[in-house]
>>> print(open('work36.cif').read())   # mmCIF, C-alpha atoms and all ligand atoms
data_data
#
loop_
_atom_site.label_atom_id
_atom_site.label_comp_id
_atom_site.auth_asym_id
_atom_site.auth_seq_id
_atom_site.Cartn_x
_atom_site.Cartn_y
_atom_site.Cartn_z
CA MET A 1 -2.41 -4.38 -37.47
CA LYS A 2 -4.05 -7.80 -37.64
CA GLN A 3 -0.67 -9.47 -37.13
CA GLU A 4 -0.04 -7.30 -34.09
CA ILE A 5 -3.43 -8.19 -32.65
CA HIS A 6 -2.81 -11.90 -33.07
CA LYS A 7 0.58 -11.47 -31.41
CA LEU A 8 -1.17 -9.62 -28.57
CA ILE A 9 -3.69 -12.46 -28.22
CA ARG A 10 -0.78 -14.90 -27.85
CA THR A 11 0.84 -12.60 -25.29
CA LEU A 12 -2.37 -12.41 -23.28
CA GLY A 13 -2.54 -16.21 -23.44
CA LYS A 14 0.92 -16.42 -21.86
CA ASN A 15 -0.50 -14.27 -19.04
CA ASN A 16 -3.36 -16.79 -18.67
CA ILE A 17 -5.85 -14.30 -20.07
CA SER A 18 -7.83 -15.78 -22.94
CA ALA A 19 -8.54 -13.42 -25.81
CA LEU A 20 -10.27 -13.49 -29.14
CA TYR A 21 -10.64 -11.17 -32.07
CA ALA A 22 -13.84 -9.74 -33.56
CA GLU A 23 -13.48 -7.85 -36.83
CA ASN A 24 -16.29 -5.42 -36.10
CA ARG A 25 -19.01 -4.54 -33.60
CA LYS A 26 -21.44 -7.08 -35.03
CA GLN A 27 -19.00 -9.94 -34.56
CA ALA A 28 -18.10 -8.62 -31.11
CA PHE A 29 -21.78 -8.63 -30.14
CA GLU A 30 -22.19 -12.23 -31.29
CA LYS A 31 -19.06 -13.42 -29.50
CA VAL A 32 -19.96 -11.69 -26.23
CA MET A 33 -23.56 -12.91 -26.22
CA SER A 34 -22.46 -16.47 -27.03
CA MET A 35 -20.47 -16.47 -23.78
CA ILE A 36 -23.44 -15.47 -21.60
CA PRO A 37 -25.87 -18.33 -20.91
CA GLU A 38 -29.55 -17.35 -20.80
CA GLY A 39 -30.80 -16.98 -17.25
CA SER A 40 -27.44 -15.66 -16.01
CA VAL A 41 -27.05 -12.91 -13.47
CA VAL A 42 -24.97 -10.37 -15.38
CA GLY A 43 -23.06 -7.48 -13.79
CA PHE A 44 -22.10 -4.41 -15.79
CA GLY A 45 -19.17 -2.02 -15.54
CA ASP A 46 -20.27 1.19 -17.22
CA SER A 47 -18.96 1.02 -20.78
CA LEU A 48 -19.75 3.02 -23.88
CA THR A 49 -18.21 0.25 -25.99
CA LEU A 50 -20.72 -2.31 -24.71
CA LYS A 51 -23.54 0.08 -25.47
CA GLN A 52 -22.21 0.72 -28.96
CA ILE A 53 -21.98 -2.96 -29.86
CA GLY A 54 -25.55 -3.59 -28.65
CA VAL A 55 -24.80 -5.82 -25.64
CA VAL A 56 -26.45 -3.52 -23.09
CA GLU A 57 -29.70 -3.43 -25.02
CA ALA A 58 -29.69 -7.21 -25.55
CA LEU A 59 -29.06 -7.89 -21.87
CA THR A 60 -31.76 -5.42 -20.87
CA LYS A 61 -34.38 -7.01 -23.12
CA GLY A 62 -33.28 -10.66 -22.94
CA ASN A 63 -33.72 -13.50 -20.50
CA TYR A 64 -31.10 -12.34 -18.01
CA THR A 65 -30.96 -10.72 -14.60
CA PHE A 66 -29.08 -7.69 -15.81
CA LEU A 67 -27.57 -5.66 -12.99
CA ASN A 68 -27.34 -2.18 -14.47
CA PRO A 69 -26.62 0.47 -11.80
CA TRP A 70 -27.05 3.23 -14.41
CA LYS A 71 -30.57 2.31 -15.47
CA PRO A 72 -32.54 5.55 -15.66
CA GLY A 73 -34.53 6.18 -12.51
CA THR A 74 -32.14 4.23 -10.24
CA SER A 75 -31.43 6.02 -6.97
CA VAL A 76 -27.88 6.34 -5.60
CA GLU A 77 -28.71 3.87 -2.81
CA GLU A 78 -30.13 1.34 -5.29
CA SER A 79 -27.14 1.83 -7.57
CA VAL A 80 -24.71 0.99 -4.75
CA GLN A 81 -26.66 -2.18 -3.93
CA ILE A 82 -26.65 -3.24 -7.59
CA LYS A 83 -22.90 -2.63 -7.79
CA LYS A 84 -22.41 -4.83 -4.73
CA ARG A 85 -24.52 -7.62 -6.21
CA ALA A 86 -22.47 -7.48 -9.41
CA LEU A 87 -19.40 -8.55 -7.43
CA THR A 88 -20.86 -12.05 -7.21
CA SER A 89 -22.60 -12.17 -10.59
CA ASP A 90 -22.35 -15.17 -12.92
CA VAL A 91 -20.89 -13.00 -15.65
CA PHE A 92 -19.48 -9.48 -15.47
CA VAL A 93 -19.25 -7.52 -18.72
CA THR A 94 -17.24 -4.36 -19.09
CA GLY A 95 -14.92 -2.31 -21.25
CA THR A 96 -11.43 -1.19 -20.30
CA ASN A 97 -9.40 1.99 -20.51
CA ALA A 98 -6.34 0.51 -22.21
CA LEU A 99 -4.69 -2.74 -23.25
CA THR A 100 -0.92 -2.86 -23.62
CA LEU A 101 1.03 -4.75 -26.26
CA ASP A 102 2.69 -6.74 -23.49
CA GLY A 103 -0.73 -8.01 -22.39
CA LYS A 104 -1.70 -5.81 -19.47
CA ILE A 105 -5.22 -4.48 -18.86
CA VAL A 106 -5.14 -0.97 -17.39
CA ASN A 107 -8.09 0.76 -15.73
CA VAL A 108 -8.74 3.92 -13.80
CA ASP A 109 -11.97 4.00 -11.84
CA GLY A 110 -13.85 6.52 -9.73
CA HIS A 111 -16.07 4.47 -7.44
CA GLY A 112 -14.07 1.26 -7.85
CA ASN A 113 -16.96 -1.11 -8.53
CA ARG A 114 -15.82 -1.80 -12.09
CA VAL A 115 -12.23 -2.68 -11.22
CA ALA A 116 -13.32 -4.62 -8.12
CA ALA A 117 -15.54 -6.93 -10.19
CA MET A 118 -12.81 -7.35 -12.81
CA LEU A 119 -10.42 -8.54 -10.10
CA PHE A 120 -12.44 -11.04 -8.08
CA GLY A 121 -15.95 -12.32 -7.56
CA PRO A 122 -17.82 -13.06 -10.79
CA ASP A 123 -17.45 -16.54 -12.30
CA LYS A 124 -16.74 -15.06 -15.69
CA VAL A 125 -15.46 -11.63 -16.72
CA ILE A 126 -15.75 -10.45 -20.32
CA ILE A 127 -13.75 -7.36 -21.23
CA VAL A 128 -14.40 -5.78 -24.62
CA VAL A 129 -11.67 -3.52 -25.98
CA ALA A 130 -11.51 -1.72 -29.30
CA ILE A 131 -8.29 -1.26 -31.28
CA ASN A 132 -8.06 2.45 -30.41
CA LYS A 133 -7.34 1.43 -26.81
CA ILE A 134 -4.31 -0.69 -27.59
CA VAL A 135 -1.10 1.06 -26.53
CA GLU A 136 2.54 0.14 -26.20
CA ASN A 137 3.01 -0.05 -22.44
CA ILE A 138 1.65 1.00 -19.04
CA GLU A 139 3.13 4.49 -19.33
CA ALA A 140 1.30 5.04 -22.61
CA ALA A 141 -1.86 3.54 -21.10
CA LEU A 142 -1.88 5.99 -18.20
CA LYS A 143 -1.15 8.87 -20.53
CA ARG A 144 -4.01 7.83 -22.80
CA ILE A 145 -6.36 7.67 -19.83
CA LYS A 146 -5.43 11.09 -18.42
CA ASP A 147 -5.14 12.88 -21.78
CA LYS A 148 -8.15 11.38 -23.48
CA ALA A 149 -10.38 8.79 -21.85
CA ALA A 150 -10.95 10.37 -18.44
CA PRO A 151 -11.83 13.90 -19.65
CA ALA A 152 -14.16 12.46 -22.30
CA ASN A 153 -15.73 10.17 -19.73
CA VAL A 154 -16.28 13.03 -17.27
CA LYS A 155 -17.91 15.07 -20.02
CA ARG A 156 -20.47 12.36 -20.73
CA HIS A 157 -21.54 12.28 -17.06
CA THR A 158 -23.85 15.25 -17.03
CA ASP A 159 -25.02 14.18 -13.55
CA PHE A 160 -21.65 15.14 -11.99
CA ASP A 161 -22.23 18.28 -9.93
CA PRO A 162 -19.82 19.95 -9.76
CA MET A 163 -18.22 18.56 -12.89
CA PRO A 164 -14.48 17.88 -12.51
CA PRO A 165 -12.46 20.54 -14.38
CA CYS A 166 -11.39 18.23 -17.24
CA GLY A 167 -15.05 17.94 -18.25
CA LYS A 168 -14.90 21.60 -19.26
CA THR A 169 -11.25 22.04 -20.31
CA GLY A 170 -10.53 18.58 -21.74
CA VAL A 171 -7.25 18.61 -19.80
CA CYS A 172 -6.41 16.78 -16.58
CA SER A 173 -5.45 19.05 -13.69
CA ASP A 174 -5.06 16.22 -11.15
CA CYS A 175 -8.17 17.59 -9.48
CA LEU A 176 -9.57 17.08 -6.01
CA SER A 177 -13.13 17.19 -7.27
CA PRO A 178 -15.78 15.27 -5.28
CA TRP A 179 -16.57 13.59 -8.61
CA ARG A 180 -12.95 12.81 -9.53
CA ILE A 181 -13.07 9.61 -11.61
CA CYS A 182 -9.36 8.85 -11.28
CA ASN A 183 -9.32 7.43 -7.76
CA LYS A 184 -8.36 3.80 -8.28
CA THR A 185 -5.77 2.67 -10.79
CA VAL A 186 -5.59 -1.07 -11.43
CA THR A 187 -3.41 -3.10 -13.77
CA ILE A 188 -4.25 -6.73 -14.43
CA GLU A 189 -1.01 -8.45 -15.41
CA ARG A 190 -1.76 -12.15 -15.20
CA GLN A 191 -4.23 -14.63 -13.74
CA TYR A 192 -3.90 -17.85 -11.81
CA ASN A 193 -4.21 -20.97 -13.88
CA ASN A 194 -3.54 -23.95 -11.67
CA SER A 195 -5.29 -27.06 -10.44
CA LYS A 196 -7.35 -25.07 -7.94
CA TYR A 197 -8.08 -21.75 -9.65
CA LYS A 198 -8.93 -21.31 -13.28
CA PRO A 199 -8.71 -17.94 -15.02
CA VAL A 200 -12.01 -16.12 -15.45
CA ILE A 201 -11.21 -13.23 -17.79
CA THR A 202 -11.80 -13.28 -21.55
CA VAL A 203 -10.79 -10.26 -23.60
CA VAL A 204 -12.62 -9.54 -26.84
CA ILE A 205 -10.58 -7.28 -29.11
CA VAL A 206 -12.67 -5.42 -31.69
CA GLY A 207 -11.08 -4.35 -34.96
CA GLU A 208 -12.78 -0.97 -35.13
CA GLU A 209 -12.68 2.20 -33.05
CA LEU A 210 -15.17 2.28 -30.18
CA GLY A 211 -15.62 3.85 -26.77
CA LEU A 212 -13.60 6.68 -25.27
S1 LIG A 301 -7.88 13.71 -12.04
FE1 LIG A 301 -9.70 15.05 -12.20
S2 LIG A 301 -9.17 16.48 -13.83
FE2 LIG A 301 -7.77 14.75 -14.03
S3 LIG A 301 -8.75 13.37 -15.53
FE3 LIG A 301 -9.31 12.69 -13.44
S4 LIG A 301 -11.28 13.67 -13.02
FE4 LIG A 301 -10.33 14.77 -14.73
#
>>> encode(input="work36.cif", output="structure tokens", more="lines below")
Ligand code: SF4
Amino acid sequence: MKQEIHKLIRTLGKNNISALYAENRKQAFEKVMSMIPEGSVVGFGDSLTLKQIGVVEALTKGNYTFLNPWKPGTSVEESVQIKKRALTSDVFVTGTNALTLDGKIVNVDGHGNRVAAMLFGPDKVIIVVAINKIVENIEAALKRIKDKAAPANVKRHTDFDPMPPCGKTGVCSDCLSPWRICNKTVTIERQYNNSKYKPVITVVIVGEELGL
């Protein structure tokens, strides 16, 4: 597996996406935090993985302007404003739904704020992905998202009312729910790396199972 991950890191490099490997959540935490200067404005794309490795807590308590739209007590209007601010943050931290062996980052989003900030705006984007999210190709990535990640993600959002059907059945029915989380599908294939535009994304691959 380690060999495959290092091959994947080289593949991502060919796509102008820098990547590094962390053996476990502790190392991942240290690597992510070392990339975020104190005093930064930090945007956040909702991610269980980032919570599990301790980054959300550290950003909440530390010397950062942490833009967390899901902070308890935040109204919908405030949440939308925070999501907009995150589009021009110094650093945007997030997880991802899947990473393919040919170096593509695949995400399905409901509101779109997470994928929007991954694509353009922040000066630096840090994407943390655990080994359980590495799949062979885009087809496998989309299947993983619909069969596993999206239903599990819906289930954890107890504030969805009504809850999309997969939150109860665990199976995608290509719903038309007002809370459908599969509205925007985005694949990041490569980044610019030329004299005018430098790449902004760094992927941190964690060698243990995390997230959904
Ligand atoms: S389309 Fe609807 S039912 Fe299918 S995974 Fe997405 S939210 Fe769930």
>>> axis_aligned_box(input="work36.cif", around="ligand LIG 301 (chain A)", padding_each_side="5 Å", output="AutoDock Vina command-line options")
--center_x -9.5 --center_y 14.6 --center_z -13.8 --size_x 13.5 --size_y 13.8 --size_z 13.5
>>> residues_around(input="work36.cif", residues="range 200-203 of chain A", least_positions_apart="2", cutoff="8 Å", atoms="all atoms listed in the file", output="CSV table (one decimal) with C-alpha atoms, in the frame of the given file")
chain,number,residue,atom,x,y,z
A,17,ILE,CA,-5.8,-14.3,-20.1
A,18,SER,CA,-7.8,-15.8,-22.9
A,19,ALA,CA,-8.5,-13.4,-25.8
A,20,LEU,CA,-10.3,-13.5,-29.1
A,118,MET,CA,-12.8,-7.4,-12.8
A,123,ASP,CA,-17.4,-16.5,-12.3
A,124,LYS,CA,-16.7,-15.1,-15.7
A,125,VAL,CA,-15.5,-11.6,-16.7
A,126,ILE,CA,-15.8,-10.4,-20.3
A,127,ILE,CA,-13.8,-7.4,-21.2
A,128,VAL,CA,-14.4,-5.8,-24.6
A,129,VAL,CA,-11.7,-3.5,-26.0
A,198,LYS,CA,-8.9,-21.3,-13.3
A,205,ILE,CA,-10.6,-7.3,-29.1
>>> closest_residue(input="work36.cif", among="A:Arg180, A:Arg156, A:Arg85, A:Arg10", to="ligand LIG 301 (chain A)", atoms="all atoms listed in the file")
A:Arg180
>>> residues_around(input="work36.cif", residues="Lys2 in chain A", least_positions_apart="2", cutoff="12 Å", atoms="only C-alpha atoms", output="list in words")
Glu4, Ile5, His6, Lys7, Leu8, Ile9, Leu20, Tyr21, Ala22, Glu23, Ile131, Ile205, Val206, Gly207 and Glu208 of chain A
>>> residues_near_ligand(input="work36.cif", ligand="ligand LIG 301 (chain A)", cutoff="9 Å", atoms="all atoms listed in the file", output="number ranges by chain")
A: 108, 110, 145-154, 163-167, 169-177, 179-183
>>> atom_distance(input="work36.cif", atom1="CA of Gly121 in chain A", atom2="CA of Met33 in chain A")
20.2 Å
>>> atom_distance(input="work36.cif", atom1="CA of Val204 in chain A", atom2="CA of Val186 in chain A")
18.9 Å
>>> residues_around(input="work36.cif", residues="range 46-49 of chain A", least_positions_apart="4", cutoff="8 Å", atoms="all atoms listed in the file", output="PyMOL selection string")
chain A and resi 53+70+94-96+114+128-130+210-212
>>> atom_distance(input="work36.cif", atom1="CA of Leu59 in chain A", atom2="CA of Val32 in chain A")
10.8 Å
>>> closest_residue(input="work36.cif", among="A:Ser40, A:Gln52, A:Thr100, A:Thr60", to="Arg25 in chain A", atoms="all atoms listed in the file")
A:Gln52
>>> decode(input="work36.cif", residues="range 31-143 of chain A", atoms="C-alpha atoms", output="PDB file, in the first residue's frame")
ATOM      1  CA  LYS A  31       1.627  18.477   8.861  1.00  0.00           C
ATOM      2  CA  VAL A  32      -1.629  20.389   8.341  1.00  0.00           C
ATOM      3  CA  MET A  33      -1.031  22.805  11.218  1.00  0.00           C
ATOM      4  CA  SER A  34       2.548  23.450  10.055  1.00  0.00           C
ATOM      5  CA  MET A  35       1.118  24.752   6.774  1.00  0.00           C
ATOM      6  CA  ILE A  36      -1.201  27.290   8.437  1.00  0.00           C
ATOM      7  CA  PRO A  37       0.587  30.414   9.693  1.00  0.00           C
ATOM      8  CA  GLU A  38      -0.737  31.848  12.957  1.00  0.00           C
ATOM      9  CA  GLY A  39      -3.027  34.807  12.379  1.00  0.00           C
ATOM     10  CA  SER A  40      -4.380  33.351   9.115  1.00  0.00           C
ATOM     11  CA  VAL A  41      -7.972  33.586   8.027  1.00  0.00           C
ATOM     12  CA  VAL A  42      -8.911  29.927   7.610  1.00  0.00           C
ATOM     13  CA  GLY A  43     -11.950  28.664   5.693  1.00  0.00           C
ATOM     14  CA  PHE A  44     -13.423  25.238   6.367  1.00  0.00           C
ATOM     15  CA  GLY A  45     -15.240  22.763   4.146  1.00  0.00           C
ATOM     16  CA  ASP A  46     -17.239  20.520   6.456  1.00  0.00           C
ATOM     17  CA  SER A  47     -15.107  17.426   7.029  1.00  0.00           C
ATOM     18  CA  LEU A  48     -15.321  14.634   9.553  1.00  0.00           C
ATOM     19  CA  THR A  49     -11.696  13.744   8.779  1.00  0.00           C
ATOM     20  CA  LEU A  50     -10.480  17.181   9.876  1.00  0.00           C
ATOM     21  CA  LYS A  51     -12.458  16.871  13.073  1.00  0.00           C
ATOM     22  CA  GLN A  52     -11.050  13.405  13.734  1.00  0.00           C
ATOM     23  CA  ILE A  53      -7.434  14.489  13.336  1.00  0.00           C
ATOM     24  CA  GLY A  54      -7.950  17.439  15.700  1.00  0.00           C
ATOM     25  CA  VAL A  55      -7.503  20.307  13.218  1.00  0.00           C
ATOM     26  CA  VAL A  56     -10.958  21.801  13.793  1.00  0.00           C
ATOM     27  CA  GLU A  57     -10.432  22.013  17.533  1.00  0.00           C
ATOM     28  CA  ALA A  58      -6.949  23.504  17.127  1.00  0.00           C
ATOM     29  CA  LEU A  59      -8.177  26.146  14.689  1.00  0.00           C
ATOM     30  CA  THR A  60     -11.112  26.976  16.946  1.00  0.00           C
ATOM     31  CA  LYS A  61      -8.916  27.480  20.007  1.00  0.00           C
ATOM     32  CA  GLY A  62      -5.782  28.869  18.348  1.00  0.00           C
ATOM     33  CA  ASN A  63      -4.669  32.232  17.050  1.00  0.00           C
ATOM     34  CA  TYR A  64      -6.612  32.108  13.797  1.00  0.00           C
ATOM     35  CA  THR A  65      -9.720  33.652  12.304  1.00  0.00           C
ATOM     36  CA  PHE A  66     -11.457  30.345  11.799  1.00  0.00           C
ATOM     37  CA  LEU A  67     -14.450  30.576   9.487  1.00  0.00           C
ATOM     38  CA  ASN A  68     -16.628  27.687  10.603  1.00  0.00           C
ATOM     39  CA  PRO A  69     -20.160  27.897   9.151  1.00  0.00           C
ATOM     40  CA  TRP A  70     -21.218  24.899  11.260  1.00  0.00           C
ATOM     41  CA  LYS A  71     -20.315  26.363  14.632  1.00  0.00           C
ATOM     42  CA  PRO A  72     -23.210  25.605  16.977  1.00  0.00           C
ATOM     43  CA  GLY A  73     -25.591  28.521  17.262  1.00  0.00           C
ATOM     44  CA  THR A  74     -24.816  29.897  13.775  1.00  0.00           C
ATOM     45  CA  SER A  75     -27.932  30.973  11.885  1.00  0.00           C
ATOM     46  CA  VAL A  76     -28.473  30.012   8.240  1.00  0.00           C
ATOM     47  CA  GLU A  77     -27.903  33.630   7.167  1.00  0.00           C
ATOM     48  CA  GLU A  78     -24.651  33.845   9.150  1.00  0.00           C
ATOM     49  CA  SER A  79     -23.550  30.486   7.780  1.00  0.00           C
ATOM     50  CA  VAL A  80     -23.989  31.681   4.187  1.00  0.00           C
ATOM     51  CA  GLN A  81     -21.944  34.816   4.916  1.00  0.00           C
ATOM     52  CA  ILE A  82     -19.162  32.744   6.501  1.00  0.00           C
ATOM     53  CA  LYS A  83     -19.138  30.420   3.481  1.00  0.00           C
ATOM     54  CA  LYS A  84     -18.770  33.442   1.198  1.00  0.00           C
ATOM     55  CA  ARG A  85     -15.887  34.833   3.245  1.00  0.00           C
ATOM     56  CA  ALA A  86     -14.130  31.469   3.071  1.00  0.00           C
ATOM     57  CA  LEU A  87     -13.867  31.868  -0.707  1.00  0.00           C
ATOM     58  CA  THR A  88     -11.174  34.496  -0.165  1.00  0.00           C
ATOM     59  CA  SER A  89      -9.545  33.028   2.940  1.00  0.00           C
ATOM     60  CA  ASP A  90      -5.772  32.747   3.336  1.00  0.00           C
ATOM     61  CA  VAL A  91      -6.050  28.997   3.792  1.00  0.00           C
ATOM     62  CA  PHE A  92      -8.967  26.670   3.095  1.00  0.00           C
ATOM     63  CA  VAL A  93      -8.939  23.279   4.813  1.00  0.00           C
ATOM     64  CA  THR A  94     -11.201  20.440   3.810  1.00  0.00           C
ATOM     65  CA  GLY A  95     -11.559  16.733   3.222  1.00  0.00           C
ATOM     66  CA  THR A  96     -12.583  15.100  -0.039  1.00  0.00           C
ATOM     67  CA  ASN A  97     -14.941  12.348  -1.132  1.00  0.00           C
ATOM     68  CA  ALA A  98     -12.447  10.355  -3.185  1.00  0.00           C
ATOM     69  CA  LEU A  99      -8.951  10.410  -4.656  1.00  0.00           C
ATOM     70  CA  THR A 100      -8.214   8.312  -7.724  1.00  0.00           C
ATOM     71  CA  LEU A 101      -5.021   6.409  -8.442  1.00  0.00           C
ATOM     72  CA  ASP A 102      -4.547   8.535 -11.552  1.00  0.00           C
ATOM     73  CA  GLY A 103      -4.440  11.650  -9.372  1.00  0.00           C
ATOM     74  CA  LYS A 104      -7.920  13.112  -9.573  1.00  0.00           C
ATOM     75  CA  ILE A 105      -9.780  14.646  -6.622  1.00  0.00           C
ATOM     76  CA  VAL A 106     -13.511  13.908  -6.809  1.00  0.00           C
ATOM     77  CA  ASN A 107     -16.187  15.689  -4.783  1.00  0.00           C
ATOM     78  CA  VAL A 108     -19.937  15.823  -4.619  1.00  0.00           C
ATOM     79  CA  ASP A 109     -21.401  18.785  -2.790  1.00  0.00           C
ATOM     80  CA  GLY A 110     -24.843  19.971  -1.758  1.00  0.00           C
ATOM     81  CA  HIS A 111     -24.536  23.718  -1.323  1.00  0.00           C
ATOM     82  CA  GLY A 112     -21.361  24.025  -3.389  1.00  0.00           C
ATOM     83  CA  ASN A 113     -19.345  26.169  -0.989  1.00  0.00           C
ATOM     84  CA  ARG A 114     -16.797  23.415  -0.359  1.00  0.00           C
ATOM     85  CA  VAL A 115     -16.066  22.672  -4.013  1.00  0.00           C
ATOM     86  CA  ALA A 116     -16.137  26.382  -4.914  1.00  0.00           C
ATOM     87  CA  ALA A 117     -13.370  27.177  -2.407  1.00  0.00           C
ATOM     88  CA  MET A 118     -11.350  24.161  -3.548  1.00  0.00           C
ATOM     89  CA  LEU A 119     -11.440  25.476  -7.119  1.00  0.00           C
ATOM     90  CA  PHE A 120     -10.586  29.162  -6.798  1.00  0.00           C
ATOM     91  CA  GLY A 121     -10.179  31.922  -4.253  1.00  0.00           C
ATOM     92  CA  PRO A 122      -8.119  30.937  -1.213  1.00  0.00           C
ATOM     93  CA  ASP A 123      -4.345  31.416  -1.400  1.00  0.00           C
ATOM     94  CA  LYS A 124      -3.785  27.918  -0.104  1.00  0.00           C
ATOM     95  CA  VAL A 125      -6.021  24.838  -0.117  1.00  0.00           C
ATOM     96  CA  ILE A 126      -5.213  21.853   2.084  1.00  0.00           C
ATOM     97  CA  ILE A 127      -7.136  18.670   1.341  1.00  0.00           C
ATOM     98  CA  VAL A 128      -6.816  15.804   3.811  1.00  0.00           C
ATOM     99  CA  VAL A 129      -7.718  12.355   2.525  1.00  0.00           C
ATOM    100  CA  ALA A 130      -7.530   9.019   4.306  1.00  0.00           C
ATOM    101  CA  ILE A 131      -6.528   5.776   2.580  1.00  0.00           C
ATOM    102  CA  ASN A 132     -10.095   4.441   2.602  1.00  0.00           C
ATOM    103  CA  LYS A 133     -10.989   7.134   0.060  1.00  0.00           C
ATOM    104  CA  ILE A 134      -8.424   6.115  -2.525  1.00  0.00           C
ATOM    105  CA  VAL A 135     -10.072   4.395  -5.485  1.00  0.00           C
ATOM    106  CA  GLU A 136      -9.029   3.259  -8.922  1.00  0.00           C
ATOM    107  CA  ASN A 137     -10.742   5.790 -11.183  1.00  0.00           C
ATOM    108  CA  ILE A 138     -13.534   8.354 -11.487  1.00  0.00           C
ATOM    109  CA  GLU A 139     -16.177   5.676 -12.017  1.00  0.00           C
ATOM    110  CA  ALA A 140     -15.177   3.993  -8.757  1.00  0.00           C
ATOM    111  CA  ALA A 141     -15.055   7.393  -7.038  1.00  0.00           C
ATOM    112  CA  LEU A 142     -18.630   8.240  -8.008  1.00  0.00           C
ATOM    113  CA  LYS A 143     -19.800   4.783  -7.011  1.00  0.00           C
TER     114      LYS A 143
END
